$ cat model-v9.csv   # CSV, C-alpha atoms
chain,number,residue,atom,x,y,z
Q,1,MET,CA,129.3,54.2,192.9
Q,2,GLN,CA,130.4,57.6,191.9
Q,3,ARG,CA,133.9,56.8,193.2
Q,4,VAL,CA,134.0,53.7,191.0
Q,5,LEU,CA,132.8,55.7,188.0
Q,6,ASN,CA,135.4,58.3,188.7
Q,7,ASN,CA,138.2,55.7,188.9
Q,8,LEU,CA,137.0,54.1,185.7
Q,9,LEU,CA,137.0,57.4,184.0
Q,10,PHE,CA,140.5,58.1,185.3
Q,11,ILE,CA,141.8,54.8,183.9
Q,12,TRP,CA,140.1,55.6,180.6
Q,13,LEU,CA,142.0,58.9,180.6
Q,14,LEU,CA,145.2,57.1,181.3
Q,15,VAL,CA,144.6,54.8,178.3
Q,16,ALA,CA,143.8,57.9,176.2
Q,17,PHE,CA,147.1,59.4,177.3
Q,18,CYS,CA,149.0,56.3,176.4
Q,19,LEU,CA,147.5,55.3,173.1
Q,20,PRO,CA,147.5,58.2,170.7
Q,21,ALA,CA,147.4,56.0,167.5
Q,22,GLY,CA,148.3,58.1,164.5
Q,23,ALA,CA,149.0,61.2,166.6
Q,24,GLN,CA,151.3,63.7,164.9
Q,25,GLU,CA,151.7,66.1,167.7
Q,26,ALA,CA,151.3,65.6,171.5
Q,27,GLY,CA,150.9,68.6,173.8
Q,28,PHE,CA,150.4,69.9,177.3
Q,29,PHE,CA,147.0,71.5,177.6
Q,30,ASN,CA,146.8,74.6,179.9
Q,31,SER,CA,143.7,76.6,180.7
Q,32,PRO,CA,141.9,78.1,183.7
Q,33,LYS,CA,139.5,75.1,182.9
Q,34,GLY,CA,142.2,72.6,183.8
Q,35,PHE,CA,145.3,70.8,182.7
Q,36,GLY,CA,145.8,67.8,180.5
Q,37,ALA,CA,147.1,66.3,177.3
Q,38,GLN,CA,146.2,67.0,173.7
Q,39,TYR,CA,146.9,64.9,170.7
Q,40,CYS,CA,146.6,66.3,167.1
Q,41,PHE,CA,146.2,63.9,164.3
Q,42,ALA,CA,147.5,64.3,160.8
Q,43,GLU,CA,146.0,67.0,158.6
Q,44,LYS,CA,144.3,65.9,155.3
Q,45,ASP,CA,142.5,68.2,152.9
Q,46,GLY,CA,142.4,71.1,155.4
Q,47,VAL,CA,140.9,68.9,158.1
Q,48,PHE,CA,142.5,67.6,161.2
Q,49,HIS,CA,141.3,66.0,164.5
Q,50,THR,CA,142.2,66.7,168.1
Q,51,ALA,CA,141.7,64.6,171.2
Q,52,THR,CA,142.0,66.2,174.6
Q,53,ALA,CA,141.9,64.7,178.0
Q,54,LEU,CA,142.0,67.0,181.0
Q,55,VAL,CA,141.7,67.3,184.7
Q,56,ASP,CA,138.9,69.8,185.4
Q,57,ILE,CA,140.0,72.1,188.2
Q,58,TYR,CA,136.7,74.0,188.7
Q,59,GLY,CA,136.5,75.0,192.3
Q,60,ILE,CA,140.0,73.9,193.3
Q,61,PRO,CA,142.1,77.1,192.9
Q,62,THR,CA,139.6,78.9,195.1
Q,63,SER,CA,139.7,76.1,197.8
Q,64,ARG,CA,136.0,75.4,197.3
Q,65,CYS,CA,136.5,71.7,196.7
Q,66,SER,CA,139.5,69.3,196.9
Q,67,SER,CA,139.0,66.7,194.2
Q,68,PRO,CA,139.1,67.5,190.5
Q,69,GLY,CA,136.8,66.4,187.7
Q,70,TYR,CA,137.9,64.6,184.5
Q,71,ARG,CA,136.8,65.2,181.0
Q,72,VAL,CA,137.7,64.3,177.4
Q,73,ASN,CA,137.0,66.0,174.1
Q,74,PHE,CA,137.3,64.9,170.5
Q,75,SER,CA,137.0,67.5,167.8
Q,76,ARG,CA,137.2,67.8,164.0
Q,77,GLN,CA,138.9,71.0,163.0
Q,78,TYR,CA,138.5,72.8,159.6
Q,79,ILE,CA,141.4,75.0,158.6
Q,80,PHE,CA,140.0,78.2,157.1
Q,81,ARG,CA,143.1,80.4,156.8
Q,82,GLN,CA,146.9,80.0,156.8
Q,83,VAL,CA,149.2,83.0,157.0
Q,84,GLU,CA,153.0,83.0,157.1
Q,85,ASN,CA,154.8,86.0,158.5
Q,86,ALA,CA,158.4,86.5,159.6
Q,87,GLY,CA,159.1,82.8,159.8
Q,88,VAL,CA,156.0,82.0,161.8
Q,89,SER,CA,153.1,80.1,160.3
Q,90,TYR,CA,149.6,81.0,161.6
Q,91,THR,CA,146.9,78.4,161.1
Q,92,PHE,CA,143.3,79.5,161.9
Q,93,TYR,CA,140.8,76.7,162.4
Q,94,ALA,CA,137.3,76.0,163.9
Q,95,GLY,CA,135.2,72.9,164.3
Q,96,PRO,CA,132.7,70.9,166.2
Q,97,GLY,CA,133.3,68.1,168.6
Q,98,ILE,CA,132.0,66.1,171.5
Q,99,SER,CA,132.9,66.4,175.2
Q,100,THR,CA,132.1,64.1,178.1
Q,101,GLY,CA,133.4,63.5,181.6
Q,102,MET,CA,132.7,63.5,185.3
Q,103,VAL,CA,132.8,67.2,186.4
Q,104,ARG,CA,131.3,69.7,188.8
Q,105,ASP,CA,128.8,72.3,187.7
Q,106,HIS,CA,126.0,74.3,189.4
Q,107,ASP,CA,126.7,75.8,192.8
Q,108,LYS,CA,125.7,78.9,194.5
Q,109,GLY,CA,128.9,80.9,194.3
Q,110,ARG,CA,130.8,82.0,191.3
Q,111,GLY,CA,134.3,83.3,190.6
Q,112,PHE,CA,136.5,84.0,193.6
Q,113,ASP,CA,134.0,83.0,196.2
Q,114,LEU,CA,136.1,81.7,199.0
Q,115,THR,CA,133.4,80.9,201.5
Q,116,ALA,CA,130.7,78.7,199.7
Q,117,LEU,CA,132.0,75.2,199.5
Q,118,ILE,CA,130.9,73.2,196.5
Q,119,SER,CA,128.8,70.3,197.5
Q,120,GLY,CA,130.4,67.0,196.6
Q,121,ASN,CA,128.2,66.3,193.6
Q,122,PRO,CA,130.2,65.7,190.5
Q,123,GLY,CA,128.0,64.6,187.7
Q,124,PHE,CA,128.2,63.1,184.3
Q,125,MET,CA,128.5,65.7,181.5
Q,126,LEU,CA,127.8,65.1,177.8
Q,127,ALA,CA,128.0,68.0,175.4
Q,128,LEU,CA,128.5,69.1,171.8
Q,129,SER,CA,131.5,71.4,171.6
Q,130,GLY,CA,132.5,74.1,169.2
Q,131,ASP,CA,135.9,75.7,169.2
Q,132,VAL,CA,138.0,78.3,167.3
Q,133,GLY,CA,141.7,78.7,167.5
Q,134,CYS,CA,145.0,79.5,166.0
Q,135,ARG,CA,148.2,77.5,165.8
Q,136,PHE,CA,151.6,79.2,165.9
Q,137,ASP,CA,154.2,77.1,164.2
Q,138,PHE,CA,157.7,78.5,164.6
Q,139,GLY,CA,159.4,75.9,162.4
Q,140,ARG,CA,160.8,74.1,165.4
Q,141,LYS,CA,159.8,70.9,167.3
Q,142,VAL,CA,157.6,72.9,169.6
Q,143,ALA,CA,154.5,74.8,168.5
Q,144,LEU,CA,151.8,76.8,170.3
Q,145,ASP,CA,148.0,76.5,170.0
Q,146,LEU,CA,145.6,79.1,171.4
Q,147,SER,CA,141.9,78.3,171.2
Q,148,PHE,CA,138.5,78.9,172.8
Q,149,MET,CA,135.9,76.2,173.2
Q,150,ALA,CA,132.3,76.1,174.3
Q,151,ASP,CA,130.4,73.0,175.4
Q,152,ALA,CA,126.6,73.0,175.0
Q,153,GLY,CA,125.3,70.0,176.8
Q,154,ILE,CA,123.7,68.4,179.9
Q,155,HIS,CA,124.9,67.6,183.4
Q,156,VAL,CA,123.4,64.7,185.3
Q,157,ARG,CA,124.1,64.5,189.0
Q,158,VAL,CA,122.7,63.4,192.3
Q,159,ASN,CA,120.0,65.9,193.4
Q,160,GLU,CA,121.5,67.9,196.3
Q,161,LYS,CA,118.1,68.2,198.1
Q,162,GLU,CA,117.0,64.6,197.6
Q,163,LYS,CA,120.3,62.8,198.3
Q,164,SER,CA,118.7,60.2,200.6
Q,165,TYR,CA,116.5,59.1,197.7
Q,166,THR,CA,119.4,59.1,195.3
Q,167,ALA,CA,117.3,61.2,192.9
Q,168,THR,CA,119.0,62.6,189.9
Q,169,SER,CA,119.1,66.2,188.6
Q,170,LEU,CA,119.4,67.0,184.9
Q,171,SER,CA,120.3,70.5,183.8
Q,172,VAL,CA,122.2,72.5,181.3
Q,173,TYR,CA,126.0,72.2,181.8
Q,174,ASN,CA,126.5,75.9,182.7
Q,175,ASN,CA,130.3,75.8,182.9
Q,176,GLY,CA,130.5,74.7,179.3
Q,177,LEU,CA,129.0,77.9,178.2
Q,178,ILE,CA,130.5,80.3,180.8
Q,179,GLN,CA,134.0,78.9,180.3
Q,180,PHE,CA,133.9,79.7,176.6
Q,181,LEU,CA,135.9,82.9,177.4
Q,182,TYR,CA,138.7,80.9,179.2
Q,183,PRO,CA,141.7,80.7,176.9
Q,184,GLN,CA,143.2,77.3,176.1
Q,185,LEU,CA,146.9,77.2,175.4
Q,186,THR,CA,148.5,74.0,174.3
Q,187,ILE,CA,152.3,73.5,174.0
Q,188,LEU,CA,152.6,71.0,171.2
Q,189,TYR,CA,155.6,68.8,170.5
Q,190,LYS,CA,155.9,67.3,167.0
Q,191,LEU,CA,156.3,63.6,167.3
C,192,MET,CA,169.0,99.4,206.4
C,193,LYS,CA,165.5,98.8,204.9
C,194,LYS,CA,165.6,102.2,203.2
C,195,LEU,CA,169.1,101.5,201.9
C,196,ILE,CA,168.2,98.4,199.9
C,197,PRO,CA,165.8,100.2,197.4
C,198,LEU,CA,168.3,103.0,197.1
C,199,LEU,CA,171.1,100.6,196.3
C,200,LEU,CA,168.8,98.8,193.8
C,201,LEU,CA,168.0,102.2,192.1
C,202,VAL,CA,171.7,103.0,191.8
C,203,VAL,CA,173.1,99.6,190.9
C,204,LEU,CA,170.5,98.3,188.5
C,205,PRO,CA,170.5,101.2,186.0
C,206,SER,CA,174.3,101.2,186.0
C,207,ALA,CA,174.4,97.4,185.4
C,208,VAL,CA,171.9,97.9,182.5
C,209,MET,CA,174.0,100.7,181.0
C,210,ARG,CA,177.1,98.6,181.2
C,211,ALA,CA,175.3,95.8,179.4
C,212,GLY,CA,174.7,98.1,176.4
C,213,MET,CA,171.3,98.1,174.8
C,214,PRO,CA,169.0,96.5,177.3
C,215,ARG,CA,166.1,94.5,175.9
C,216,ILE,CA,162.7,94.8,177.6
C,217,SER,CA,161.2,91.4,178.3
C,218,TRP,CA,157.7,90.5,179.4
C,219,GLY,CA,155.7,87.4,179.9
C,220,LEU,CA,153.1,85.3,181.7
C,221,GLU,CA,153.6,82.5,184.1
C,222,TRP,CA,151.0,80.1,185.5
C,223,GLY,CA,151.3,76.9,187.5
C,224,TYR,CA,150.5,74.7,190.4
C,225,ASN,CA,151.5,75.3,194.0
C,226,GLY,CA,151.5,72.6,196.6
C,227,THR,CA,151.9,74.0,200.1
C,228,PHE,CA,153.2,71.2,202.2
C,229,LEU,CA,154.3,72.8,205.5
C,230,LYS,CA,152.9,75.5,207.7
C,231,SER,CA,154.7,76.7,210.8
C,232,ALA,CA,153.3,79.3,213.2
C,233,GLN,CA,154.3,81.2,216.3
C,234,ARG,CA,151.5,82.5,218.5
C,235,ASN,CA,151.8,84.3,221.8
C,236,PHE,CA,148.8,86.1,223.1
C,237,ILE,CA,146.6,86.7,226.2
C,238,CYS,CA,143.2,85.2,226.0
C,239,ASN,CA,139.9,86.5,227.4
C,240,GLU,CA,140.3,84.6,230.7
C,241,GLY,CA,143.6,86.4,231.3
C,242,TYR,CA,146.1,83.6,230.8
C,243,ARG,CA,148.8,83.6,228.1
C,244,ILE,CA,148.8,81.1,225.3
C,245,VAL,CA,152.2,80.3,223.6
C,246,GLU,CA,152.1,77.9,220.7
C,247,ASN,CA,154.6,77.0,218.0
C,248,PRO,CA,152.7,74.4,215.9
C,249,THR,CA,154.2,72.9,212.7
C,250,GLN,CA,151.5,71.4,210.4
C,251,LEU,CA,152.5,69.0,207.7
C,252,SER,CA,149.6,69.0,205.3
C,253,PHE,CA,149.2,69.4,201.6
C,254,PHE,CA,147.1,72.1,200.0
C,255,SER,CA,146.8,72.6,196.3
C,256,ASN,CA,146.7,76.0,194.8
C,257,GLY,CA,147.4,77.9,191.6
C,258,SER,CA,149.1,81.0,190.4
C,259,VAL,CA,149.0,83.4,187.5
C,260,LEU,CA,151.7,86.0,187.3
C,261,ALA,CA,152.7,88.6,184.7
C,262,ASN,CA,156.2,89.9,184.5
C,263,ALA,CA,158.2,92.7,182.9
C,264,GLY,CA,161.9,93.2,183.1
C,265,VAL,CA,165.2,93.7,181.3
C,266,ASP,CA,168.0,91.4,180.0
C,267,LEU,CA,170.9,92.6,182.1
C,268,THR,CA,173.4,90.4,180.2
C,269,GLU,CA,173.1,87.7,177.5
C,270,LYS,CA,172.5,85.1,180.2
C,271,LEU,CA,170.8,87.1,183.0
C,272,ASN,CA,167.3,88.6,183.1
C,273,LEU,CA,165.8,90.6,186.0
C,274,SER,CA,162.0,90.9,186.1
C,275,LEU,CA,159.3,92.2,188.3
C,276,TYR,CA,156.4,89.7,188.8
C,277,SER,CA,152.9,90.3,190.0
C,278,GLY,CA,149.5,88.6,189.8
C,279,LEU,CA,147.6,86.2,192.0
C,280,GLN,CA,148.9,83.3,194.0
C,281,GLY,CA,147.3,80.8,196.3
C,282,VAL,CA,149.5,80.1,199.3
C,283,TYR,CA,147.3,78.0,201.6
C,284,SER,CA,143.7,76.9,202.1
C,285,LYS,CA,141.5,79.9,201.3
C,286,ARG,CA,144.6,82.2,201.4
C,287,TRP,CA,145.4,84.2,198.3
C,288,MET,CA,148.0,86.9,197.9
C,289,VAL,CA,149.1,89.4,195.4
C,290,PRO,CA,152.8,89.2,195.1
C,291,LEU,CA,155.3,91.8,194.0
C,292,GLU,CA,158.5,90.0,193.4
C,293,LEU,CA,161.8,90.8,191.9
C,294,ARG,CA,163.2,87.7,190.2
C,295,ALA,CA,166.5,86.9,188.5
C,296,ARG,CA,166.6,84.3,185.7
C,297,TRP,CA,170.0,82.9,184.7
C,298,CYS,CA,170.4,80.7,181.6
C,299,PRO,CA,173.9,79.3,181.3
C,300,CYS,CA,173.3,78.6,177.6
C,301,GLY,CA,172.0,82.1,176.9
C,302,LEU,CA,168.6,83.7,177.3
C,303,TYR,CA,167.6,82.8,173.7
C,304,SER,CA,168.8,79.2,173.5
C,305,ASP,CA,167.4,75.9,174.7
C,306,GLY,CA,168.8,74.8,178.0
C,307,LEU,CA,168.9,75.0,181.7
C,308,ILE,CA,167.3,77.9,183.6
C,309,VAL,CA,168.0,78.8,187.2
C,310,THR,CA,165.7,81.3,188.9
C,311,GLY,CA,165.5,83.0,192.3
C,312,GLY,CA,163.9,86.0,193.8
C,313,GLY,CA,161.9,87.5,196.6
C,314,GLY,CA,159.6,90.4,197.4
C,315,LEU,CA,156.4,91.3,199.1
C,316,ALA,CA,153.0,89.7,199.1
C,317,PHE,CA,149.7,91.4,199.9
C,318,PRO,CA,146.9,89.1,201.1
C,319,THR,CA,143.5,89.4,199.4
C,320,ALA,CA,141.6,88.8,202.7
C,321,PRO,CA,142.1,89.7,206.4
C,322,LEU,CA,144.6,90.1,207.8
C,323,ARG,CA,145.8,92.3,205.0
C,324,GLU,CA,149.2,92.8,206.5
C,325,THR,CA,152.1,92.9,204.1
C,326,CYS,CA,154.0,89.6,203.9
C,327,PHE,CA,157.4,88.5,202.5
C,328,ARG,CA,158.1,85.7,200.1
C,329,ALA,CA,161.1,84.1,198.4
C,330,ARG,CA,161.6,81.4,195.8
C,331,ALA,CA,164.3,79.5,194.2
C,332,GLY,CA,164.1,77.0,191.3
C,333,ALA,CA,165.4,75.5,188.2
C,334,GLY,CA,164.0,74.2,184.9
C,335,TYR,CA,164.3,74.0,181.2
C,336,ARG,CA,163.9,76.7,178.6
C,337,VAL,CA,162.6,76.0,175.1
C,338,THR,CA,163.2,78.8,172.6
C,339,LEU,CA,160.3,79.1,170.1
C,340,HIS,CA,161.2,82.0,167.9
C,341,LYS,CA,163.8,84.8,168.3
C,342,CYS,CA,162.9,86.2,171.7
C,343,THR,CA,159.9,84.0,172.4
C,344,SER,CA,160.5,81.1,174.7
C,345,ILE,CA,158.7,78.7,177.2
C,346,ASP,CA,160.1,77.8,180.6
C,347,PHE,CA,159.2,74.7,182.6
C,348,ILE,CA,160.2,75.4,186.2
C,349,PHE,CA,160.2,73.5,189.4
C,350,SER,CA,160.7,75.7,192.4
C,351,TRP,CA,160.5,76.0,196.2
C,352,MET,CA,158.6,78.9,197.7
C,353,PHE,CA,158.5,80.4,201.1
C,354,THR,CA,155.9,82.9,202.3
C,355,THR,CA,155.3,84.6,205.6
C,356,ASP,CA,151.9,85.4,206.9
C,357,LYS,CA,149.9,86.5,210.0
C,358,GLU,CA,147.0,84.5,211.3
C,359,ILE,CA,143.6,85.6,212.6
C,360,LEU,CA,143.9,84.5,216.2
C,361,THR,CA,140.7,83.4,218.0
C,362,ASP,CA,140.2,83.0,221.7
C,363,PRO,CA,139.8,79.3,222.6
C,364,ASP,CA,137.1,80.1,225.2
C,365,THR,CA,134.9,82.6,223.5
C,366,ASN,CA,135.8,81.9,219.9
C,367,ALA,CA,136.1,85.7,219.4
C,368,TYR,CA,138.9,87.4,217.6
C,369,VAL,CA,141.9,88.3,219.9
C,370,PRO,CA,142.4,92.1,219.8
C,371,PRO,CA,145.8,93.3,218.5
C,372,ALA,CA,146.7,94.8,221.9
C,373,MET,CA,146.6,91.3,223.5
C,374,ILE,CA,149.0,89.7,220.9
C,375,SER,CA,152.7,89.6,221.6
C,376,LYS,CA,153.6,87.4,218.6
C,377,ASN,CA,151.7,86.3,215.5
C,378,PHE,CA,153.8,84.8,212.7
C,379,ALA,CA,153.1,82.1,210.2
C,380,GLU,CA,155.1,80.7,207.3
C,381,TYR,CA,154.3,78.4,204.4
C,382,GLN,CA,156.6,76.3,202.4
C,383,ALA,CA,155.5,75.1,199.0
C,384,VAL,CA,156.7,73.5,195.8
C,385,THR,CA,155.6,74.9,192.5
C,386,LEU,CA,155.4,73.6,189.0
C,387,SER,CA,155.0,76.4,186.5
C,388,VAL,CA,155.0,77.2,182.9
C,389,ALA,CA,156.1,80.6,181.6
C,390,LEU,CA,155.7,82.1,178.3
C,391,ASN,CA,158.3,84.8,177.6
C,392,PHE,CA,158.5,87.5,174.9

$ encode --input "model-v9.csv" --output "structure tokens"
Amino acid sequence: MQRVLNNLLFIWLLVAFCLPAGAQEAGFFNSPKGFGAQYCFAEKDGVFHTATALVDIYGIPTSRCSSPGYRVNFSRQYIFRQVENAGVSYTFYAGPGISTGMVRDHDKGRGFDLTALISGNPGFMLALSGDVGCRFDFGRKVALDLSFMADAGIHVRVNEKEKSYTATSLSVYNNGLIQFLYPQLTILYKL
Amino acid sequence: MKKLIPLLLLVVLPSAVMRAGMPRISWGLEWGYNGTFLKSAQRNFICNEGYRIVENPTQLSFFSNGSVLANAGVDLTEKLNLSLYSGLQGVYSKRWMVPLELRARWCPCGLYSDGLIVTGGGGLAFPTAPLRETCFRARAGAGYRVTLHKCTSIDFIFSWMFTTDKEILTDPDTNAYVPPAMISKNFAEYQAVTLSVALNF
């Protein structure tokens, strides 16, 4: 069942990648959280929207699990300051959003723990997000965007101790809060 | 010969920099994905029972890893940059190393123009877990450079990477570690492809 859900989510992500209706910029999302695509929609009255779809690599760089998670985020961004200096335009923004996906959370080891394997229990995540960032526009086709995002939400998964009964566990999505400090760098291409 | 190479570098590099005029110091950050697809090993040791084991296995399997490297260097010419890289790089399953790599980057269109970039280099790698014996690595690749602003640019690079290593040998009968005195040969090498993004200043 989880595999089917995973595949459905993956197909959904593919659709999200291919149909950026009204997108003004498309970008390559890079972060220790994962890699993916980001679309920025046209700005109006100091407000713009971003849609991000990414492959969640939690546990993979440290060889603790082999399959990634998938997640998407949609945010409304409010521009609160714009500065231009030496030909570079800096746009500072912050805003709320919503995140969802099939990702891993909760395991015994943290950081560069190379011994504890993550049990195969990806779960459904639903969270309210908040992010703050800065866009660097160099007046060329390519721009950079540096941001930090926190996700406050829940993680629903199969209970590790009661697997035979397919019991579920519900908990706070810890990674969403811990990974606030992970920088997100997006290389944006103006369409 | 091993002592001569650093000496030659110390003599040749500064003179090349001086010839090039005002050298510009460059620095940057590179991160990316590594896919190790081939592991070859050469093992020759005497096990607990007294017989010798000689194996040369080649394992074709795929392991995903990541890398984060920082670099600092100089623009030797308008098209050539030489930088020292270090950071953290995964080379195999549960095998991470801290590389110290000298890498040349050549941009035929100029270092501060959009266009092709060819890169190659080599150096040492220090494993983060036993055995902590110094390893060697080399890489070669090519990609595309996008200039953002004056000296700020982004590289998208595809490269091939080669890393040597030593394995922790275990006795097939007792499962205990084989003591170094019983090992005649212990050598492993990994080959990987890497997809990386570099931000240069």

$ residues_around --input "model-v9.csv" --residues "Pro371 of chain C" --least-positions-apart "2" --cutoff "12 Å" --atoms "all atoms listed in the file" --output "PyMOL selection string"
chain C and resi 235-238+322+357-361+368-369+373-377

$ atom_distance --input "model-v9.csv" --atom1 "atom CA of Gly311 of chain C" --atom2 "atom CA of Leu273 of chain C"
9.9 Å

$ closest_residue --input "model-v9.csv" --among "C:His340, C:Thr249, C:Leu390, C:Leu315" --to "Asp356 of chain C" --atoms "all atoms listed in the file"
C:Leu315

$ closest_atom_pairs --input "model-v9.csv" --of "chain C" --to "chain Q" --cutoff "6 Å" --atoms "all atoms listed in the file" --output "Markdown table"
| residue | atom | partner | partner_atom | distance |
| --- | --- | --- | --- | --- |
| C:Asn256 | CA | Q:Pro61 | CA | 5.1 |
| C:Gly257 | CA | Q:Pro61 | CA | 5.5 |
| C:Ser284 | CA | Q:Ser63 | CA | 5.9 |
| C:Lys285 | CA | Q:Ser63 | CA | 5.5 |
| C:His340 | CA | Q:Phe138 | CA | 5.9 |

$ closest_residue --input "model-v9.csv" --among "C:Phe392, C:Tyr283, C:Tyr276, C:Tyr335" --to "Trp218 of chain C" --atoms "only C-alpha atoms"
C:Phe392
